[in-house]
$ cat my_file-v4.tsv   # TSV, C-alpha atoms
chain	number	residue	atom	x	y	z
A	1361	MET	CA	81.44	-178.28	-49.78
A	1362	GLN	CA	82.42	-174.64	-49.96
A	1363	ASP	CA	85.73	-175.41	-48.36
A	1364	LYS	CA	86.46	-178.12	-50.90
A	1365	ALA	CA	85.53	-175.84	-53.79
A	1366	GLY	CA	87.78	-173.17	-52.37
A	1367	GLU	CA	90.57	-175.68	-52.03
A	1368	ASN	CA	90.15	-176.79	-55.65
A	1369	LYS	CA	90.25	-173.19	-56.78
A	1370	MET	CA	93.45	-172.61	-54.89
A	1371	ASN	CA	94.98	-175.72	-56.47
A	1372	VAL	CA	94.24	-174.50	-59.99
A	1373	GLN	CA	95.75	-171.03	-59.63
A	1374	PRO	CA	99.38	-172.04	-58.99
A	1375	ARG	CA	99.41	-174.14	-62.17
A	1376	ARG	CA	98.54	-171.05	-64.22
A	1377	ASN	CA	101.17	-169.04	-62.40
A	1378	ARG	CA	103.77	-171.69	-63.07
A	1379	GLY	CA	102.89	-171.58	-66.76
A	1380	ARG	CA	103.50	-167.84	-66.87
A	1381	ASP	CA	106.70	-168.18	-64.86
A	1382	LYS	CA	108.00	-170.72	-67.37
A	1383	VAL	CA	107.56	-168.31	-70.30
A	1384	ILE	CA	109.06	-165.43	-68.36
A	1385	SER	CA	111.98	-167.52	-67.10
A	1386	ARG	CA	112.95	-168.65	-70.59
A	1387	GLU	CA	112.78	-165.09	-71.90
A	1388	ILE	CA	114.86	-163.83	-68.99
A	1389	ILE	CA	117.53	-166.46	-69.59
A	1390	GLU	CA	117.71	-165.58	-73.29
A	1391	GLU	CA	117.86	-161.84	-72.66
A	1392	CYS	CA	120.58	-162.20	-70.04
A	1393	ALA	CA	122.51	-164.47	-72.39
A	1394	VAL	CA	122.25	-161.90	-75.20
A	1395	ASN	CA	123.70	-159.21	-72.93
A	1396	LEU	CA	126.66	-161.41	-72.06
A	1397	PHE	CA	127.13	-162.70	-75.61
A	1398	LYS	CA	127.37	-159.14	-76.93
A	1399	ILE	CA	130.05	-158.28	-74.38
A	1400	LYS	CA	132.08	-161.49	-74.18
A	1401	GLY	CA	130.99	-163.57	-77.14
A	1402	VAL	CA	129.25	-166.94	-76.98
A	1403	ASP	CA	132.41	-169.02	-76.59
A	1404	LYS	CA	133.71	-167.02	-73.62
A	1405	THR	CA	130.40	-166.90	-71.77
A	1406	SER	CA	129.73	-169.70	-69.27
A	1407	ILE	CA	126.44	-171.13	-68.05
A	1408	ASN	CA	127.43	-170.07	-64.54
A	1409	GLU	CA	127.67	-166.46	-65.71
A	1410	ILE	CA	124.31	-166.68	-67.46
A	1411	VAL	CA	122.43	-168.09	-64.46
A	1412	LYS	CA	124.07	-165.52	-62.19
A	1413	GLU	CA	123.02	-162.71	-64.52
A	1414	ALA	CA	119.48	-164.15	-64.71
A	1415	GLY	CA	119.26	-164.66	-60.95
A	1416	ILE	CA	118.23	-168.30	-61.24
A	1417	ALA	CA	119.51	-171.65	-60.03
A	1418	LYS	CA	121.63	-173.67	-62.43
A	1419	GLY	CA	119.07	-176.45	-62.34
A	1420	THR	CA	116.45	-174.02	-63.63
A	1421	PHE	CA	118.60	-173.37	-66.70
A	1422	TYR	CA	118.44	-177.05	-67.64
A	1423	LEU	CA	114.65	-177.05	-67.45
A	1424	TYR	CA	114.63	-174.96	-70.62
A	1425	PHE	CA	117.91	-175.65	-72.42
A	1426	ASN	CA	119.97	-178.81	-72.85
A	1427	ASN	CA	123.28	-176.93	-72.83
A	1428	LYS	CA	124.82	-173.61	-73.85
A	1429	ASP	CA	124.74	-174.52	-77.56
A	1430	ASP	CA	120.99	-175.06	-77.29
A	1431	LEU	CA	120.56	-171.62	-75.71
A	1432	ALA	CA	122.89	-169.95	-78.21
A	1433	ASP	CA	121.02	-171.41	-81.16
A	1434	ALA	CA	117.69	-170.22	-79.70
A	1435	VAL	CA	119.12	-166.71	-79.40
A	1436	ILE	CA	120.72	-166.74	-82.86
A	1437	SER	CA	117.52	-168.11	-84.39
A	1438	ARG	CA	115.65	-165.07	-83.05
A	1439	TYR	CA	118.15	-162.71	-84.71
A	1440	THR	CA	118.15	-164.80	-87.86
A	1441	ARG	CA	114.38	-164.43	-88.21
A	1442	GLN	CA	114.77	-160.69	-87.69
A	1443	PHE	CA	117.50	-160.58	-90.36
A	1444	ILE	CA	115.30	-162.47	-92.82
A	1445	ASP	CA	112.33	-160.19	-92.10
A	1446	GLN	CA	114.33	-156.93	-92.31
A	1447	VAL	CA	116.86	-157.71	-95.04
A	1448	ILE	CA	116.22	-160.83	-97.08
A	1449	ILE	CA	112.47	-160.56	-97.68
A	1450	PRO	CA	112.32	-156.79	-98.39
A	1451	PHE	CA	115.37	-156.82	-100.67
A	1452	GLN	CA	115.12	-160.16	-102.45
A	1453	ASP	CA	113.55	-158.57	-105.56
A	1454	VAL	CA	115.70	-155.43	-105.66
A	1455	PRO	CA	117.45	-155.28	-109.05
A	1456	LYS	CA	120.56	-153.41	-107.86
A	1457	ILE	CA	123.20	-155.38	-105.95
A	1458	ILE	CA	124.50	-152.22	-104.25
A	1459	ILE	CA	121.13	-151.80	-102.48
A	1460	LEU	CA	121.25	-155.36	-101.16
A	1461	SER	CA	124.89	-154.89	-100.11
A	1462	ASP	CA	124.01	-151.76	-98.16
A	1463	ALA	CA	121.17	-153.56	-96.37
A	1464	ILE	CA	123.39	-156.50	-95.38
A	1465	ILE	CA	126.23	-154.34	-94.08
A	1466	ASN	CA	123.95	-151.94	-92.24
A	1467	TYR	CA	122.21	-154.79	-90.46
A	1468	PHE	CA	125.42	-156.52	-89.39
A	1469	ALA	CA	126.87	-153.19	-88.25
A	1470	GLN	CA	124.03	-153.08	-85.70
A	1471	ASN	CA	124.13	-156.81	-84.92
A	1472	ARG	CA	127.76	-157.91	-84.81
A	1473	MET	CA	126.96	-160.84	-82.53
A	1474	LEU	CA	124.86	-162.44	-85.27
A	1475	LEU	CA	127.62	-161.86	-87.80
A	1476	VAL	CA	130.25	-163.50	-85.58
A	1477	GLU	CA	128.09	-166.49	-84.68
A	1478	LEU	CA	126.73	-167.12	-88.19
A	1479	ARG	CA	130.23	-167.05	-89.63
A	1480	LYS	CA	131.59	-169.34	-86.92
A	1481	ASN	CA	128.72	-171.80	-87.25
A	1482	LEU	CA	128.91	-171.83	-91.04
A	1483	LEU	CA	132.63	-172.59	-90.91
A	1484	SER	CA	132.13	-175.32	-88.29
A	1485	GLY	CA	129.75	-177.24	-90.52
A	1486	LYS	CA	127.54	-178.12	-87.55
A	1487	PRO	CA	123.85	-178.43	-88.48
A	1488	TYR	CA	122.55	-175.54	-86.35
A	1489	PRO	CA	118.90	-174.74	-87.21
A	1490	SER	CA	119.67	-171.00	-87.25
A	1491	THR	CA	122.43	-171.52	-89.84
A	1492	ARG	CA	120.20	-173.64	-92.05
A	1493	GLU	CA	117.47	-171.00	-91.79
A	1494	THR	CA	119.89	-168.30	-92.95
A	1495	VAL	CA	121.18	-170.41	-95.85
A	1496	LYS	CA	117.61	-171.09	-96.92
A	1497	GLY	CA	116.78	-167.38	-96.80
A	1498	PHE	CA	119.79	-166.39	-98.90
A	1499	SER	CA	118.98	-169.14	-101.40
A	1500	ARG	CA	115.84	-167.22	-102.35
A	1501	ILE	CA	117.88	-164.11	-103.15
A	1502	PHE	CA	120.53	-166.00	-105.10
A	1503	LEU	CA	117.94	-167.93	-107.09
A	1504	ASN	CA	116.21	-164.68	-107.99
A	1505	TYR	CA	119.43	-163.11	-109.28
A	1506	LEU	CA	120.48	-166.22	-111.18
A	1507	ASN	CA	117.08	-166.42	-112.85
A	1508	GLN	CA	117.48	-162.80	-113.97
A	1509	TYR	CA	121.08	-162.77	-115.11
A	1510	GLU	CA	122.39	-166.31	-115.63
A	1511	ASP	CA	121.34	-169.21	-117.86
A	1512	TYR	CA	122.81	-172.17	-115.99
A	1513	HIS	CA	121.18	-174.54	-113.53
A	1514	VAL	CA	122.47	-175.00	-109.98
A	1515	SER	CA	121.66	-178.50	-108.75
A	1516	ASN	CA	122.79	-178.15	-105.13
A	1517	TRP	CA	121.51	-174.85	-103.77
A	1518	GLU	CA	122.67	-175.51	-100.23
A	1519	VAL	CA	126.31	-175.88	-101.26
A	1520	TYR	CA	126.15	-172.93	-103.65
A	1521	THR	CA	124.51	-170.67	-101.09
A	1522	THR	CA	126.88	-171.75	-98.32
A	1523	VAL	CA	129.91	-170.82	-100.44
A	1524	VAL	CA	128.56	-167.39	-101.42
A	1525	LEU	CA	127.21	-166.66	-97.94
A	1526	GLY	CA	130.59	-167.57	-96.44
A	1527	MET	CA	132.28	-164.94	-98.59
A	1528	ILE	CA	129.65	-162.32	-97.72
A	1529	LEU	CA	130.18	-162.96	-94.01
A	1530	ASP	CA	133.97	-162.86	-94.45
A	1531	VAL	CA	133.84	-159.41	-96.06
A	1532	CYS	CA	131.55	-158.09	-93.30
A	1533	PHE	CA	133.66	-159.72	-90.58
A	1534	LYS	CA	136.93	-158.25	-91.89
A	1535	SER	CA	135.34	-154.81	-91.93
A	1536	LEU	CA	133.05	-154.69	-88.91
A	1537	VAL	CA	134.80	-156.98	-86.43
A	1538	GLU	CA	138.48	-157.00	-87.37
A	1539	GLU	CA	138.30	-153.45	-88.78
A	1540	LYS	CA	140.75	-154.26	-91.57
A	1541	VAL	CA	138.85	-152.37	-94.27
A	1542	GLY	CA	139.46	-148.66	-94.61
A	1543	SER	CA	135.89	-147.37	-94.64
A	1544	ALA	CA	132.24	-148.37	-94.74
A	1545	GLN	CA	132.06	-147.30	-98.37
A	1546	GLU	CA	135.00	-149.51	-99.28
A	1547	THR	CA	133.27	-152.43	-97.58
A	1548	LYS	CA	130.11	-151.82	-99.61
A	1549	ASN	CA	132.16	-151.60	-102.79
A	1550	MET	CA	133.92	-154.88	-101.98
A	1551	LEU	CA	130.70	-156.70	-101.22
A	1552	SER	CA	128.93	-155.30	-104.28
A	1553	ASP	CA	131.84	-156.28	-106.51
A	1554	LEU	CA	131.85	-159.79	-105.07
A	1555	LEU	CA	128.14	-160.29	-105.71
A	1556	LYS	CA	128.26	-158.73	-109.17
A	1557	ARG	CA	130.95	-161.22	-110.20
A	1558	PHE	CA	128.76	-164.10	-109.07
A	1559	PHE	CA	125.61	-162.92	-110.76
A	1560	SER	CA	126.95	-160.83	-113.67
A	1561	CYS	CA	124.60	-157.97	-112.79
A	1562	ASP	CA	124.64	-154.31	-111.83

$ encode --input "my_file-v4.tsv" --output "C-alpha cells"
Amino acid sequence: MQDKAGENKMNVQPRRNRGRDKVISREIIEECAVNLFKIKGVDKTSINEIVKEAGIAKGTFYLYFNNKDDLADAVISRYTRQFIDQVIIPFQDVPKIIILSDAIINYFAQNRMLLVELRKNLLSGKPYPSTRETVKGFSRIFLNYLNQYEDYHVSNWEVYTTVVLGMILDVCFKSLVEEKVGSAQETKNMLSDLLKRFFSCD
C-alpha cells in the first residue's frame, strides 16, 4: 500500500512540473523573439532563428504558437497593453494636445519595434487583435477631444480612428525610424499641428 501511494505521488508531481514548464517555455519563446525582432524586425526573423535563440525544438514552438504571425501578435499585444496603460489611459483627459504628442513620441522613441509593427499591420488591413486593441484605445482619446471641441457626430469610429492613427504613426515613423525629420522638437510640433487641425484645439 505504501509503495502504491508513493507511486501515485510520483505520478502527480511531473504533471505540475510540466504545467510550470509550459508557462516558462512560452515566456522564453516570446522574450527570445522580442530580442530578435528588435534587431532584425519581425519580417526578417525566421522561426528557425527563434527556436535556436530559445534553445528549443521546432516542434515545441508549435505547441504554443500556430505560426510566426501568431507569435508576433502575442508579442505586439503585450506592448500594446503597455502603451495603452502608459500613454492612452493617463493622457486621454489631458486638455493640451502638445502633452499627448510628447507622450506618444517619447513612448515610440523607446519602443520602435511597436511603432514599426503597428504601422505595418494598420496598412496591411489584416485583423490583428493587437491592432484592433490600439485602434480601440485611441478611439477613447479622439472621442474625448471631439466631445470637447467639435459639434459633429462620427458614425464609424473605427474608420475615423484608423485614418488619424495612421497619420500619427507616419509622423513618428518618418522621424524615429527613417530619421527624415530634423529634430525631436520638430517632430512634436508636426504631430501637435496635425492633431490640432483634426480637433480644432490647443

$ closest_residue --input "my_file-v4.tsv" --among "A:Lys1398, A:Val1447, A:Gln1442, A:Glu1518" --to "A:Ile1465" --atoms "only C-alpha atoms"
A:Val1447

$ closest_residue --input "my_file-v4.tsv" --among "A:Asp1453, A:Glu1390, A:Asp1445, A:Glu1413" --to "A:Lys1428" --atoms "only C-alpha atoms"
A:Glu1390

$ closest_residue --input "my_file-v4.tsv" --among "A:Phe1468, A:Tyr1488, A:Phe1498, A:Phe1397" --to "A:Val1537" --atoms "only C-alpha atoms"
A:Phe1468

$ residues_around --input "my_file-v4.tsv" --residues "stretch 1541-1552 of chain A" --least-positions-apart "3" --cutoff "10 Å" --atoms "only C-alpha atoms" --output "number ranges by chain"
A: 1456-1466, 1469, 1527-1538, 1555-1557, 1561-1562

$ write_last_selection --input "my_file-v4.tsv" --atoms "C-alpha atoms" --output "mmCIF file, in the frame of the given file"
data_model
loop_
_atom_site.group_PDB
_atom_site.id
_atom_site.type_symbol
_atom_site.label_atom_id
_atom_site.label_comp_id
_atom_site.auth_asym_id
_atom_site.auth_seq_id
_atom_site.Cartn_x
_atom_site.Cartn_y
_atom_site.Cartn_z
ATOM 1 C CA LYS A 1456 120.560 -153.410 -107.860
ATOM 2 C CA ILE A 1457 123.200 -155.380 -105.950
ATOM 3 C CA ILE A 1458 124.500 -152.220 -104.250
ATOM 4 C CA ILE A 1459 121.130 -151.800 -102.480
ATOM 5 C CA LEU A 1460 121.250 -155.360 -101.160
ATOM 6 C CA SER A 1461 124.890 -154.890 -100.110
ATOM 7 C CA ASP A 1462 124.010 -151.760 -98.160
ATOM 8 C CA ALA A 1463 121.170 -153.560 -96.370
ATOM 9 C CA ILE A 1464 123.390 -156.500 -95.380
ATOM 10 C CA ILE A 1465 126.230 -154.340 -94.080
ATOM 11 C CA ASN A 1466 123.950 -151.940 -92.240
ATOM 12 C CA ALA A 1469 126.870 -153.190 -88.250
ATOM 13 C CA MET A 1527 132.280 -164.940 -98.590
ATOM 14 C CA ILE A 1528 129.650 -162.320 -97.720
ATOM 15 C CA LEU A 1529 130.180 -162.960 -94.010
ATOM 16 C CA ASP A 1530 133.970 -162.860 -94.450
ATOM 17 C CA VAL A 1531 133.840 -159.410 -96.060
ATOM 18 C CA CYS A 1532 131.550 -158.090 -93.300
ATOM 19 C CA PHE A 1533 133.660 -159.720 -90.580
ATOM 20 C CA LYS A 1534 136.930 -158.250 -91.890
ATOM 21 C CA SER A 1535 135.340 -154.810 -91.930
ATOM 22 C CA LEU A 1536 133.050 -154.690 -88.910
ATOM 23 C CA VAL A 1537 134.800 -156.980 -86.430
ATOM 24 C CA GLU A 1538 138.480 -157.000 -87.370
ATOM 25 C CA LEU A 1555 128.140 -160.290 -105.710
ATOM 26 C CA LYS A 1556 128.260 -158.730 -109.170
ATOM 27 C CA ARG A 1557 130.950 -161.220 -110.200
ATOM 28 C CA CYS A 1561 124.600 -157.970 -112.790
ATOM 29 C CA ASP A 1562 124.640 -154.310 -111.830
#

$ residues_around --input "my_file-v4.tsv" --residues "A:Glu1387" --least-positions-apart "6" --cutoff "12 Å" --atoms "only C-alpha atoms" --output "VMD selection string"
chain A and resid 1380 to 1381 1393 to 1394 1414 1421 1424 to 1425 1431 1434 to 1435 1438

$ atom_distance --input "my_file-v4.tsv" --atom1 "atom CA of A:Glu1391" --atom2 "atom CA of A:Arg1492"
22.8 Å

$ atom_distance --input "my_file-v4.tsv" --atom1 "atom CA of A:Ile1407" --atom2 "atom CA of A:Ala1432"
10.8 Å

$ residues_near_point --input "my_file-v4.tsv" --point "(121.7, -166.1, -82.4)" --cutoff "8 Å" --atoms "all atoms listed in the file" --output "mmCIF file with C-alpha atoms, keeping the file's coordinate frame"
data_model
loop_
_atom_site.group_PDB
_atom_site.id
_atom_site.type_symbol
_atom_site.label_atom_id
_atom_site.label_comp_id
_atom_site.auth_asym_id
_atom_site.auth_seq_id
_atom_site.Cartn_x
_atom_site.Cartn_y
_atom_site.Cartn_z
ATOM 1 C CA ALA A 1432 122.890 -169.950 -78.210
ATOM 2 C CA ASP A 1433 121.020 -171.410 -81.160
ATOM 3 C CA ALA A 1434 117.690 -170.220 -79.700
ATOM 4 C CA VAL A 1435 119.120 -166.710 -79.400
ATOM 5 C CA ILE A 1436 120.720 -166.740 -82.860
ATOM 6 C CA SER A 1437 117.520 -168.110 -84.390
ATOM 7 C CA ARG A 1438 115.650 -165.070 -83.050
ATOM 8 C CA TYR A 1439 118.150 -162.710 -84.710
ATOM 9 C CA THR A 1440 118.150 -164.800 -87.860
ATOM 10 C CA MET A 1473 126.960 -160.840 -82.530
ATOM 11 C CA LEU A 1474 124.860 -162.440 -85.270
ATOM 12 C CA GLU A 1477 128.090 -166.490 -84.680
ATOM 13 C CA LEU A 1478 126.730 -167.120 -88.190
ATOM 14 C CA SER A 1490 119.670 -171.000 -87.250
#

$ atom_distance --input "my_file-v4.tsv" --atom1 "atom CA of A:Glu1409" --atom2 "atom CA of A:Arg1386"
15.7 Å

$ closest_residue --input "my_file-v4.tsv" --among "A:Gly1415, A:Ile1410, A:Val1523, A:Pro1489" --to "A:Phe1558" --atoms "all atoms listed in the file"
A:Val1523

$ closest_residue --input "my_file-v4.tsv" --among "A:Gln1452, A:Ser1515, A:Gln1470, A:Gln1446" --to "A:Arg1500" --atoms "only C-alpha atoms"
A:Gln1452
